[in-house]
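Chemist: Contents are PDB, C-alpha atoms; file name start-v2.pdb:
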ATOM      1  CA  MET W  26     -28.617 -14.542 -17.610
ATOM      2  CA  GLY W  27     -25.056 -15.623 -17.018
ATOM      3  CA  ARG W  28     -23.954 -18.561 -14.918
ATOM      4  CA  GLY W  29     -22.962 -18.063 -11.275
ATOM      5  CA  GLU W  30     -19.264 -18.294 -12.083
ATOM      6  CA  ASP W  31     -19.605 -15.403 -14.531
ATOM      7  CA  ILE W  32     -20.635 -12.931 -11.810
ATOM      8  CA  VAL W  33     -18.023 -10.239 -11.292
ATOM      9  CA  SER W  34     -16.203  -9.873  -8.007
ATOM     10  CA  ASN W  35     -17.987  -7.923  -5.309
ATOM     11  CA  ALA W  36     -14.761  -6.500  -3.907
ATOM     12  CA  ALA W  37     -14.454  -3.697  -6.467
ATOM     13  CA  ALA W  38     -15.062  -0.080  -5.463
ATOM     14  CA  ALA W  39     -18.720   0.707  -6.110
ATOM     15  CA  LEU W  40     -22.000   1.593  -4.478
ATOM     16  CA  TYR W  41     -23.825  -1.662  -3.745
ATOM     17  CA  VAL W  42     -27.599  -1.440  -3.330
ATOM     18  CA  VAL W  43     -28.269  -4.450  -1.135
ATOM     19  CA  SER W  44     -31.667  -6.013  -0.467
ATOM     20  CA  THR W  45     -32.133  -7.316   3.068
ATOM     21  CA  PRO W  46     -34.846  -9.460   4.746
ATOM     22  CA  ILE W  47     -38.309  -7.993   5.241
ATOM     23  CA  GLY W  48     -38.765 -10.049   8.383
ATOM     24  CA  ASN W  49     -37.255 -13.532   8.392
ATOM     25  CA  LEU W  50     -33.475 -13.196   8.778
ATOM     26  CA  GLU W  51     -32.937 -16.306   6.653
ATOM     27  CA  ASP W  52     -34.140 -14.412   3.579
ATOM     28  CA  ILE W  53     -30.786 -13.008   2.563
ATOM     29  CA  SER W  54     -28.484 -14.188  -0.187
ATOM     30  CA  THR W  55     -24.952 -15.482   0.274
ATOM     31  CA  ARG W  56     -23.810 -12.726  -2.055
ATOM     32  CA  ALA W  57     -25.489 -10.033   0.052
ATOM     33  CA  VAL W  58     -23.761 -11.280   3.209
ATOM     34  CA  ARG W  59     -20.409 -11.315   1.401
ATOM     35  CA  VAL W  60     -20.855  -7.800   0.064
ATOM     36  CA  LEU W  61     -21.877  -6.419   3.451
ATOM     37  CA  SER W  62     -18.821  -8.057   4.984
ATOM     38  CA  ASP W  63     -16.377  -6.872   2.323
ATOM     39  CA  VAL W  64     -17.330  -3.226   1.720
ATOM     40  CA  ASP W  65     -15.587  -0.370   3.517
ATOM     41  CA  LEU W  66     -18.821   1.124   4.832
ATOM     42  CA  ILE W  67     -22.514   0.313   5.199
ATOM     43  CA  ALA W  68     -25.016   3.165   4.798
ATOM     44  CA  ALA W  69     -28.087   2.052   6.747
ATOM     45  CA  GLU W  70     -31.489   3.683   7.093
ATOM     46  CA  ASP W  71     -31.514   2.968  10.846
ATOM     47  CA  THR W  72     -28.267   1.678  12.346
ATOM     48  CA  ARG W  73     -30.040   0.315  15.418
ATOM     49  CA  HIS W  74     -32.558  -1.618  13.324
ATOM     50  CA  SER W  75     -29.886  -3.066  11.016
ATOM     51  CA  ALA W  76     -27.665  -4.053  13.936
ATOM     52  CA  LYS W  77     -29.752  -7.199  14.542
ATOM     53  CA  LEU W  78     -29.170  -8.446  10.998
ATOM     54  CA  LEU W  79     -25.474  -7.560  10.980
ATOM     55  CA  GLN W  80     -24.891  -9.215  14.350
ATOM     56  CA  HIS W  81     -26.768 -12.328  13.249
ATOM     57  CA  TYR W  82     -24.342 -12.805  10.341
ATOM     58  CA  ALA W  83     -21.267 -11.589  12.247
ATOM     59  CA  ILE W  84     -20.810  -8.633   9.891
ATOM     60  CA  ARG W  85     -18.473  -6.117  11.534
ATOM     61  CA  THR W  86     -18.307  -3.473   8.808
ATOM     62  CA  LYS W  87     -18.566   0.145   9.983
ATOM     63  CA  VAL W  88     -22.110   1.534   9.679
ATOM     64  CA  VAL W  89     -23.376   5.096   9.200
ATOM     65  CA  SER W  90     -26.936   6.348   9.181
ATOM     66  CA  VAL W  91     -28.453   7.554   5.896
ATOM     67  CA  HIS W  92     -32.185   8.206   6.126
ATOM     68  CA  GLU W  93     -34.789  10.459   4.530
ATOM     69  CA  HIS W  94     -33.932  13.382   6.819
ATOM     70  CA  ASN W  95     -30.152  13.418   6.340
ATOM     71  CA  GLU W  96     -29.589  11.727   2.979
ATOM     72  CA  ARG W  97     -28.975  14.920   1.003
ATOM     73  CA  ALA W  98     -26.472  16.124   3.608
ATOM     74  CA  GLN W  99     -24.647  12.790   3.782
ATOM     75  CA  VAL W 100     -24.403  12.143   0.040
ATOM     76  CA  PRO W 101     -21.492  14.515  -0.855
ATOM     77  CA  ARG W 102     -19.165  12.945   1.725
ATOM     78  CA  LEU W 103     -20.120   9.413   0.718
ATOM     79  CA  ILE W 104     -19.638  10.173  -2.978
ATOM     80  CA  GLU W 105     -16.164  11.498  -2.244
ATOM     81  CA  MET W 106     -15.355   8.209  -0.507
ATOM     82  CA  LEU W 107     -16.592   6.285  -3.529
ATOM     83  CA  ARG W 108     -14.566   8.434  -5.921
ATOM     84  CA  ALA W 109     -11.511   7.803  -3.753
ATOM     85  CA  GLY W 110     -11.873   4.078  -4.367
ATOM     86  CA  LYS W 111     -13.879   2.999  -1.332
ATOM     87  CA  SER W 112     -16.867   0.667  -1.544
ATOM     88  CA  ILE W 113     -20.190   1.341   0.186
ATOM     89  CA  ALA W 114     -23.265  -0.842   0.670
ATOM     90  CA  LEU W 115     -26.634   0.878   0.895
ATOM     91  CA  ILE W 116     -29.346  -0.900   2.901
ATOM     92  CA  SER W 117     -32.780   0.069   4.190
ATOM     93  CA  ASP W 118     -34.570  -1.207   7.277
ATOM     94  CA  ALA W 119     -36.092  -4.023   5.237
ATOM     95  CA  GLY W 120     -36.347  -5.165   1.647
ATOM     96  CA  THR W 121     -34.979  -3.404  -1.414
ATOM     97  CA  PRO W 122     -33.652   0.151  -0.954
ATOM     98  CA  LEU W 123     -35.306   3.006  -2.886
ATOM     99  CA  LEU W 124     -38.712   1.239  -3.007
ATOM    100  CA  SER W 125     -40.583   3.430  -0.505
ATOM    101  CA  ASP W 126     -37.220   3.756   1.240
ATOM    102  CA  PRO W 127     -34.319   6.230   1.096
ATOM    103  CA  GLY W 128     -31.457   5.890  -1.378
ATOM    104  CA  PHE W 129     -32.583   7.590  -4.586
ATOM    105  CA  HIS W 130     -30.465  10.717  -4.082
ATOM    106  CA  MET W 131     -27.396   8.659  -3.305
ATOM    107  CA  VAL W 132     -27.786   6.369  -6.315
ATOM    108  CA  ARG W 133     -28.410   9.302  -8.636
ATOM    109  CA  ALA W 134     -25.391  11.179  -7.291
ATOM    110  CA  ALA W 135     -23.176   8.108  -7.645
ATOM    111  CA  ARG W 136     -24.172   7.643 -11.277
ATOM    112  CA  ALA W 137     -23.661  11.345 -11.978
ATOM    113  CA  ALA W 138     -20.161  11.041 -10.502
ATOM    114  CA  GLY W 139     -19.344   8.060 -12.689
ATOM    115  CA  VAL W 140     -19.307   5.638  -9.756
ATOM    116  CA  PRO W 141     -20.452   2.076 -10.535
ATOM    117  CA  VAL W 142     -23.776   1.162  -8.923
ATOM    118  CA  VAL W 143     -24.376  -2.558  -8.403
ATOM    119  CA  ALA W 144     -27.759  -3.938  -7.320
ATOM    120  CA  ILE W 145     -27.681  -7.014  -5.085
ATOM    121  CA  PRO W 146     -31.222  -8.367  -5.563
ATOM    122  CA  GLY W 147     -33.304  -9.932  -2.859
ATOM    123  CA  PRO W 148     -36.493  -9.519  -0.806
ATOM    124  CA  CYS W 149     -39.187  -7.002  -1.750
ATOM    125  CA  ALA W 150     -42.552  -6.952   0.016
ATOM    126  CA  ALA W 151     -44.445  -5.864  -3.109
ATOM    127  CA  ILE W 152     -43.108  -8.747  -5.199
ATOM    128  CA  ALA W 153     -43.569 -11.275  -2.390
ATOM    129  CA  ALA W 154     -47.196 -10.196  -2.002
ATOM    130  CA  LEU W 155     -47.844 -10.333  -5.746
ATOM    131  CA  SER W 156     -46.460 -13.842  -6.008
ATOM    132  CA  GLY W 157     -48.936 -15.238  -3.494
ATOM    133  CA  ALA W 158     -52.031 -13.050  -3.811
ATOM    134  CA  GLY W 159     -53.689 -14.757  -6.775
ATOM    135  CA  LEU W 160     -54.207 -11.510  -8.692
ATOM    136  CA  PRO W 161     -52.877 -10.889 -12.232
ATOM    137  CA  THR W 162     -49.101 -10.411 -12.233
ATOM    138  CA  ASP W 163     -48.401  -9.958 -15.941
ATOM    139  CA  ARG W 164     -48.889  -6.206 -15.566
ATOM    140  CA  PHE W 165     -48.894  -4.244 -12.310
ATOM    141  CA  VAL W 166     -48.182  -0.764 -10.966
ATOM    142  CA  PHE W 167     -46.494  -0.008  -7.640
ATOM    143  CA  GLU W 168     -47.882   3.075  -5.892
ATOM    144  CA  GLY W 169     -45.990   2.870  -2.580
ATOM    145  CA  PHE W 170     -47.644   4.424   0.471
ATOM    146  CA  PRO W 171     -50.874   6.376  -0.146
ATOM    147  CA  PRO W 172     -50.949   9.993   1.093
ATOM    148  CA  GLY W 173     -51.406  10.352   4.830
ATOM    149  CA  ARG W 174     -54.075  13.037   4.684
ATOM    150  CA  ALA W 175     -57.585  11.780   4.007
ATOM    151  CA  GLY W 176     -58.423  14.210   1.214
ATOM    152  CA  ALA W 177     -55.226  13.592  -0.718
ATOM    153  CA  ARG W 178     -55.545   9.844  -0.187
ATOM    154  CA  ARG W 179     -59.072   9.744  -1.585
ATOM    155  CA  ALA W 180     -58.023  11.809  -4.579
ATOM    156  CA  ALA W 181     -55.091   9.469  -5.228
ATOM    157  CA  PHE W 182     -57.357   6.414  -5.169
ATOM    158  CA  GLU W 183     -59.955   8.098  -7.348
ATOM    159  CA  ALA W 184     -57.248   8.824  -9.936
ATOM    160  CA  MET W 185     -56.420   5.099 -10.107
ATOM    161  CA  LYS W 186     -59.943   3.655 -10.310
ATOM    162  CA  ASP W 187     -59.735   3.009 -14.069
ATOM    163  CA  GLU W 188     -56.182   1.605 -14.005
ATOM    164  CA  PRO W 189     -56.289  -1.791 -15.798
ATOM    165  CA  ARG W 190     -53.173  -3.204 -14.141
ATOM    166  CA  THR W 191     -53.002  -4.765 -10.690
ATOM    167  CA  ILE W 192     -52.316  -1.939  -8.217
ATOM    168  CA  VAL W 193     -49.920  -2.435  -5.300
ATOM    169  CA  TYR W 194     -49.880  -0.210  -2.205
ATOM    170  CA  TYR W 195     -47.975  -0.290   1.071
ATOM    171  CA  GLU W 196     -49.796   0.783   4.227
ATOM    172  CA  SER W 197     -49.102   1.077   7.946
ATOM    173  CA  SER W 198     -51.125  -0.350  10.812
ATOM    174  CA  HIS W 199     -52.482   3.003  12.012
ATOM    175  CA  ARG W 200     -53.928   3.885   8.578
ATOM    176  CA  ILE W 201     -54.921   0.528   7.085
ATOM    177  CA  ALA W 202     -58.598   0.686   8.157
ATOM    178  CA  ALA W 203     -59.051   4.228   6.826
ATOM    179  CA  SER W 204     -57.256   3.370   3.582
ATOM    180  CA  LEU W 205     -59.437   0.331   2.936
ATOM    181  CA  ALA W 206     -62.564   2.417   3.543
ATOM    182  CA  ASP W 207     -61.328   5.011   1.047
ATOM    183  CA  MET W 208     -60.428   2.278  -1.444
ATOM    184  CA  ARG W 209     -63.983   0.917  -1.253
ATOM    185  CA  ALA W 210     -65.344   4.353  -2.058
ATOM    186  CA  ALA W 211     -62.997   4.831  -5.033
ATOM    187  CA  PHE W 212     -62.758   1.342  -6.539
ATOM    188  CA  GLY W 213     -66.109  -0.085  -5.434
ATOM    189  CA  ASP W 214     -67.097  -2.630  -2.789
ATOM    190  CA  GLY W 215     -66.927  -5.507  -5.245
ATOM    191  CA  ARG W 216     -63.410  -4.913  -6.607
ATOM    192  CA  PRO W 217     -61.275  -8.064  -6.039
ATOM    193  CA  ALA W 218     -58.265  -7.435  -3.818
ATOM    194  CA  ALA W 219     -55.803  -9.053  -1.439
ATOM    195  CA  LEU W 220     -54.317  -7.983   1.862
ATOM    196  CA  ALA W 221     -50.839  -9.243   2.786
ATOM    197  CA  ARG W 222     -49.834  -8.681   6.406
ATOM    198  CA  GLU W 223     -46.518  -9.226   8.183
ATOM    199  CA  LEU W 224     -44.916 -11.072   5.257
ATOM    200  CA  THR W 225     -42.240 -13.623   6.260
ATOM    201  CA  LYS W 226     -42.928 -12.964   9.953
ATOM    202  CA  LYS W 227     -44.612 -15.053  12.648
ATOM    203  CA  PHE W 228     -48.136 -13.748  12.004
ATOM    204  CA  GLU W 229     -47.896 -13.615   8.213
ATOM    205  CA  ALA W 230     -51.252 -13.748   6.441
ATOM    206  CA  VAL W 231     -52.449 -13.170   2.889
ATOM    207  CA  THR W 232     -56.223 -12.761   2.592
ATOM    208  CA  ALA W 233     -58.119 -12.458  -0.686
ATOM    209  CA  GLY W 234     -61.627 -11.132  -1.256
ATOM    210  CA  THR W 235     -63.476  -8.036  -2.342
ATOM    211  CA  LEU W 236     -62.522  -4.681  -0.857
ATOM    212  CA  ALA W 237     -65.755  -4.743   1.134
ATOM    213  CA  GLU W 238     -64.989  -8.194   2.542
ATOM    214  CA  LEU W 239     -61.422  -7.271   3.473
ATOM    215  CA  SER W 240     -62.493  -4.008   5.087
ATOM    216  CA  ASP W 241     -65.307  -5.638   7.073
ATOM    217  CA  ARG W 242     -63.047  -8.442   8.235
ATOM    218  CA  LEU W 243     -60.454  -5.972   9.445
ATOM    219  CA  ALA W 244     -63.127  -4.076  11.376
ATOM    220  CA  ARG W 245     -64.230  -7.309  13.098
ATOM    221  CA  GLU W 246     -60.688  -8.405  13.956
ATOM    222  CA  PRO W 247     -58.717  -5.520  15.526
ATOM    223  CA  ASN W 248     -55.648  -7.736  15.950
ATOM    224  CA  GLU W 249     -55.466  -8.061  12.178
ATOM    225  CA  GLN W 250     -54.924  -4.321  11.931
ATOM    226  CA  LEU W 251     -51.472  -4.720  13.455
ATOM    227  CA  GLY W 252     -48.293  -4.988  11.402
ATOM    228  CA  GLU W 253     -47.083  -3.909   7.996
ATOM    229  CA  PHE W 254     -49.390  -4.287   5.005
ATOM    230  CA  VAL W 255     -49.323  -4.702   1.250
ATOM    231  CA  VAL W 256     -52.687  -4.040  -0.396
ATOM    232  CA  LEU W 257     -53.215  -5.394  -3.901
ATOM    233  CA  ILE W 258     -56.192  -4.345  -6.017
ATOM    234  CA  HIS W 259     -57.353  -6.010  -9.211
ATOM    235  CA  GLY W 260     -57.196  -3.707 -12.211
ATOM    236  CA  ALA W 261     -60.308  -2.180 -13.723
ATOM    237  CA  ALA W 262     -62.321  -4.296 -16.135
ATOM    238  CA  GLU W 263     -61.167  -4.213 -19.754
ATOM    239  CA  SER W 264     -62.962  -1.762 -21.998
ATOM    240  CA  LEU W 265     -65.304  -3.071 -24.679
ATOM    241  CA  PRO W 266     -63.664  -4.386 -27.909
ATOM    242  CA  GLY W 267     -64.950  -1.420 -29.917
ATOM    243  CA  ASP W 268     -63.414   1.000 -27.423
ATOM    244  CA  ARG W 269     -60.083  -0.831 -27.567
ATOM    245  CA  ASP W 270     -60.065  -0.757 -31.361
ATOM    246  CA  ALA W 271     -60.808   2.961 -31.414
ATOM    247  CA  GLU W 272     -58.026   3.650 -28.936
ATOM    248  CA  ALA W 273     -55.562   1.523 -30.917
ATOM    249  CA  ASP W 274     -56.443   3.431 -34.107
ATOM    250  CA  ARG W 275     -55.965   6.744 -32.344
ATOM    251  CA  VAL W 276     -52.538   5.741 -31.022
ATOM    252  CA  LEU W 277     -51.442   4.287 -34.348
ATOM    253  CA  ARG W 278     -52.457   7.412 -36.273
ATOM    254  CA  ILE W 279     -50.341   9.576 -33.976
ATOM    255  CA  LEU W 280     -47.320   7.280 -34.149
ATOM    256  CA  LEU W 281     -47.496   6.831 -37.914
ATOM    257  CA  GLU W 282     -47.057  10.568 -38.342
ATOM    258  CA  THR W 283     -43.389  10.240 -37.372
ATOM    259  CA  LEU W 284     -42.572   6.505 -37.308
ATOM    260  CA  GLY W 285     -42.490   3.617 -39.717
ATOM    261  CA  VAL W 286     -45.080   0.875 -39.482
ATOM    262  CA  LYS W 287     -42.949  -1.590 -37.502
ATOM    263  CA  GLU W 288     -41.837   0.977 -34.929
ATOM    264  CA  ALA W 289     -45.373   2.317 -34.581
ATOM    265  CA  VAL W 290     -46.769  -1.174 -34.013
ATOM    266  CA  VAL W 291     -44.201  -2.005 -31.314
ATOM    267  CA  LEU W 292     -44.989   1.185 -29.401
ATOM    268  CA  ALA W 293     -48.742   0.837 -29.905
ATOM    269  CA  ALA W 294     -48.638  -2.695 -28.512
ATOM    270  CA  ARG W 295     -46.875  -1.436 -25.399
ATOM    271  CA  LEU W 296     -49.250   1.473 -24.934
ATOM    272  CA  THR W 297     -52.537  -0.325 -25.603
ATOM    273  CA  GLY W 298     -51.778  -3.945 -24.762
ATOM    274  CA  GLY W 299     -52.999  -4.991 -28.221
ATOM    275  CA  GLN W 300     -51.672  -7.918 -30.243
ATOM    276  CA  LYS W 301     -48.871  -6.976 -32.605
ATOM    277  CA  ASN W 302     -50.178  -9.022 -35.566
ATOM    278  CA  ARG W 303     -53.578  -7.345 -35.389
ATOM    279  CA  LEU W 304     -52.044  -3.912 -34.864
ATOM    280  CA  TYR W 305     -49.704  -4.451 -37.824
ATOM    281  CA  ASP W 306     -52.612  -5.199 -40.160
ATOM    282  CA  ARG W 307     -54.470  -2.161 -38.847
ATOM    283  CA  ALA W 308     -51.376   0.045 -39.213
ATOM    284  CA  LEU W 309     -51.025  -0.944 -42.872
ATOM    285  CA  ALA W 310     -54.656  -0.051 -43.495
ATOM    286  CA  LEU W 311     -54.297   3.283 -41.718
ATOM    287  CA  LYS W 312     -51.087   4.033 -43.597
ATOM    288  CA  ASP W 313     -52.947   3.458 -46.855
ATOM    289  CA  GLU W 314     -55.805   5.727 -45.717
ATOM    290  CA  ILE W 315     -53.364   8.465 -44.712
ATOM    291  CA  SER W 316     -51.516   8.299 -48.046
ATOM    292  CA  LYS W 317     -54.785   8.629 -50.011
ATOM    293  CA  THR W 318     -55.768  11.797 -48.135
ATOM    294  CA  GLU W 319     -52.432  13.517 -48.657
TER     295      GLU W 319
END
Mind converting the file's structure to structure tokens?

Modeler:
Amino acid sequence: MGRGEDIVSNAAAALYVVSTPIGNLEDISTRAVRVLSDVDLIAAEDTRHSAKLLQHYAIRTKVVSVHEHNERAQVPRLIEMLRAGKSIALISDAGTPLLSDPGFHMVRAARAAGVPVVAIPGPCAAIAALSGAGLPTDRFVFEGFPPGRAGARRAAFEAMKDEPRTIVYYESSHRIAASLADMRAAFGDGRPAALARELTKKFEAVTAGTLAELSDRLAREPNEQLGEFVVLIHGAAESLPGDRDAEADRVLRILLETLGVKEAVVLAARLTGGQKNRLYDRALALKDEISKTE
């Protein structure tokens, strides 16, 4: 990455996707404050909610509301402003916009219109929870909020039970107990997990244990059901070596039909998680087998 002095000016006309604190108002970058102060307009998920942050940093930029119910209607007017040379900052109630928050339609429309889109990185509850949960972080999948209806929620969890990566969910206080119960049924009582509550706030807590332990603890402590949650679930156990080898062979055979050995190995490594050196040797052997049968 470049040095700080190499960063381009934030005064240029563009759509700035700005991350804001998820609780503690100190968790905002100097750059984010400068951008919010310098743009022509701030598009906020909830203007009343964001007012506290803007007042705290004496940011007096005009604010309009852009949320999930009006985003599509607001986007054309905002894109016209951007095309006319104005600059707009997009913020959500907390954290990084677009991650379980509005903003996707606006960003997509801006890019389609040829308007520069600049991300101003910062807080994200999913990443904050991952960094302190003690679960594998080399590979993970973010699933956002589970479905609200019980049947759909159970089906969604069931579909993820064999996922090998760490799984990250958001959940609200009024559904956390039901979600944990459904997770136990889908993933098993003994699946390692972590529950992050009220991150960066006064009653922040990150608790690790099995899904059964976390669910039982929550049932015993009603006060711990309050707040905003990130639930992290350890990925499914790795398949047996023989199963992995068979899967790698299957993937390699398909890729080698249209790709060279090197390209096939790179893609196979990404798809199966296998080691490139081992996959390369196997690809050569398979290539030889394929050539002999042709």

Chemist: For a quick check of understanding, using only C-alpha atoms, which of W:Ala39, W:Val140, W:Ala244, W:Leu304 has the smallest distance to W:Ala273?

Modeler: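 That would be W:Leu304, the residue with the smallest distance to W:Ala273.
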
Chemist: From the list W:Leu251, W:Ala144, W:Met106, W:Val88, which residue is nearest W:Phe228 when using only C-alpha atoms?

Modeler: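 Of W:Leu251, W:Ala144, W:Met106, W:Val88, the one nearest W:Phe228, counting only C-alpha atoms, is W:Leu251.
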
Chemist: Looking at W:Thr72, W:Gly159, W:Ala38, W:Val132, which one is nearest to W:Lys111, with distances taken over only C-alpha atoms?

Modeler: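 Nearest candidate to W:Lys111 out of W:Thr72, W:Gly159, W:Ala38, W:Val132: W:Ala38.
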
Chemist: The PyMOL selection byres ((chain W and resi 70) around 7) on the file shown: which residues, as a PDB file with C-alpha atoms, keeping the file's coordinate frame?

Modeler:
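Output (expr.pdb):
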ATOM      1  CA  ALA W  68     -25.016   3.165   4.798  1.00  0.00           C
ATOM      2  CA  ALA W  69     -28.087   2.052   6.747  1.00  0.00           C
ATOM      3  CA  ASP W  71     -31.514   2.968  10.846  1.00  0.00           C
ATOM      4  CA  THR W  72     -28.267   1.678  12.346  1.00  0.00           C
ATOM      5  CA  SER W  90     -26.936   6.348   9.181  1.00  0.00           C
ATOM      6  CA  VAL W  91     -28.453   7.554   5.896  1.00  0.00           C
ATOM      7  CA  HIS W  92     -32.185   8.206   6.126  1.00  0.00           C
ATOM      8  CA  ILE W 116     -29.346  -0.900   2.901  1.00  0.00           C
ATOM      9  CA  SER W 117     -32.780   0.069   4.190  1.00  0.00           C
ATOM     10  CA  ASP W 118     -34.570  -1.207   7.277  1.00  0.00           C
TER      11      ASP W 118
END

Chemist: Rounded to one decimal, what separation in Å do you get between atom CA of W:Leu284 and atom CA of W:Asp187?

Modeler: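 Distance between the two atoms: 29.1 Å.
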
Chemist: Quick one: everything within 9 Å of W:Ile192, counting only C-alpha atoms, minus sequence neighbours fewer than 4 positions away in the same chain. Send it as an MDAnalysis selection string.

Modeler: chainID W and resid 165:168 185 188 256:260

Chemist: Could the residues in this selection be saved with C-alpha atoms as an mmCIF file, in the frame of the given file?

Modeler:
data_model
loop_
_atom_site.group_PDB
_atom_site.id
_atom_site.type_symbol
_atom_site.label_atom_id
_atom_site.label_comp_id
_atom_site.auth_asym_id
_atom_site.auth_seq_id
_atom_site.Cartn_x
_atom_site.Cartn_y
_atom_site.Cartn_z
ATOM 1 C CA PHE W 165 -48.894 -4.244 -12.310
ATOM 2 C CA VAL W 166 -48.182 -0.764 -10.966
ATOM 3 C CA PHE W 167 -46.494 -0.008 -7.640
ATOM 4 C CA GLU W 168 -47.882 3.075 -5.892
ATOM 5 C CA MET W 185 -56.420 5.099 -10.107
ATOM 6 C CA GLU W 188 -56.182 1.605 -14.005
ATOM 7 C CA VAL W 256 -52.687 -4.040 -0.396
ATOM 8 C CA LEU W 257 -53.215 -5.394 -3.901
ATOM 9 C CA ILE W 258 -56.192 -4.345 -6.017
ATOM 10 C CA HIS W 259 -57.353 -6.010 -9.211
ATOM 11 C CA GLY W 260 -57.196 -3.707 -12.211
#

Chemist: Assuming 6 Å of padding per side, give the centre and edge lengths of the axis-aligned box around every listed atom of stretch 212-220 of chain W, in Å to one decimal and as AutoDock Vina command-line options.

Modeler:
--center_x -60.7 --center_y -3.9 --center_z -2.4 --size_x 24.8 --size_y 22.4 --size_z 20.5

Chemist: For the file shown, what are the residues hit by the PyMOL selection byres ((chain W and resi 119) around 9), laid out as a ChimeraX atom specification?

Modeler: /W:44-48,75,116-118,120-122,126,148-150

Chemist: Go through W:Ala175, W:Thr86, W:Leu296, W:Thr283 one by one, measure the shortest atom-to-atom distance of each to W:Asp65 using all atoms listed in the file, and give the residue with the smallest value.

Modeler: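 Among the listed residues, W:Thr86 lies closest to W:Asp65.
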
Chemist: Rounded to one decimal place, report the atom CA of W:Pro127-atom CA of W:Val89 distance in Å.

Modeler: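 Taking atom CA of W:Pro127 and atom CA of W:Val89, their separation equals 13.7 Å.
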
Chemist: Atom CA of W:Met131 and atom CA of W:Arg97 are how many Å apart?

Modeler: 7.8 Å

Chemist: Looking at all atoms listed in the file, which of W:Ser197, W:Leu78, W:Val142, W:Ala83 is the one that sits closest to W:Glu51?

Modeler: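 Smallest distance to W:Glu51 is found for W:Leu78.
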
Chemist: Which of these residues is nearest to W:Ile104, using only C-alpha atoms: W:Leu277, W:Leu40, W:Ala154, W:Val60?

Modeler: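 When distances to W:Ile104 are compared using only C-alpha atoms, the smallest one comes from W:Leu40.
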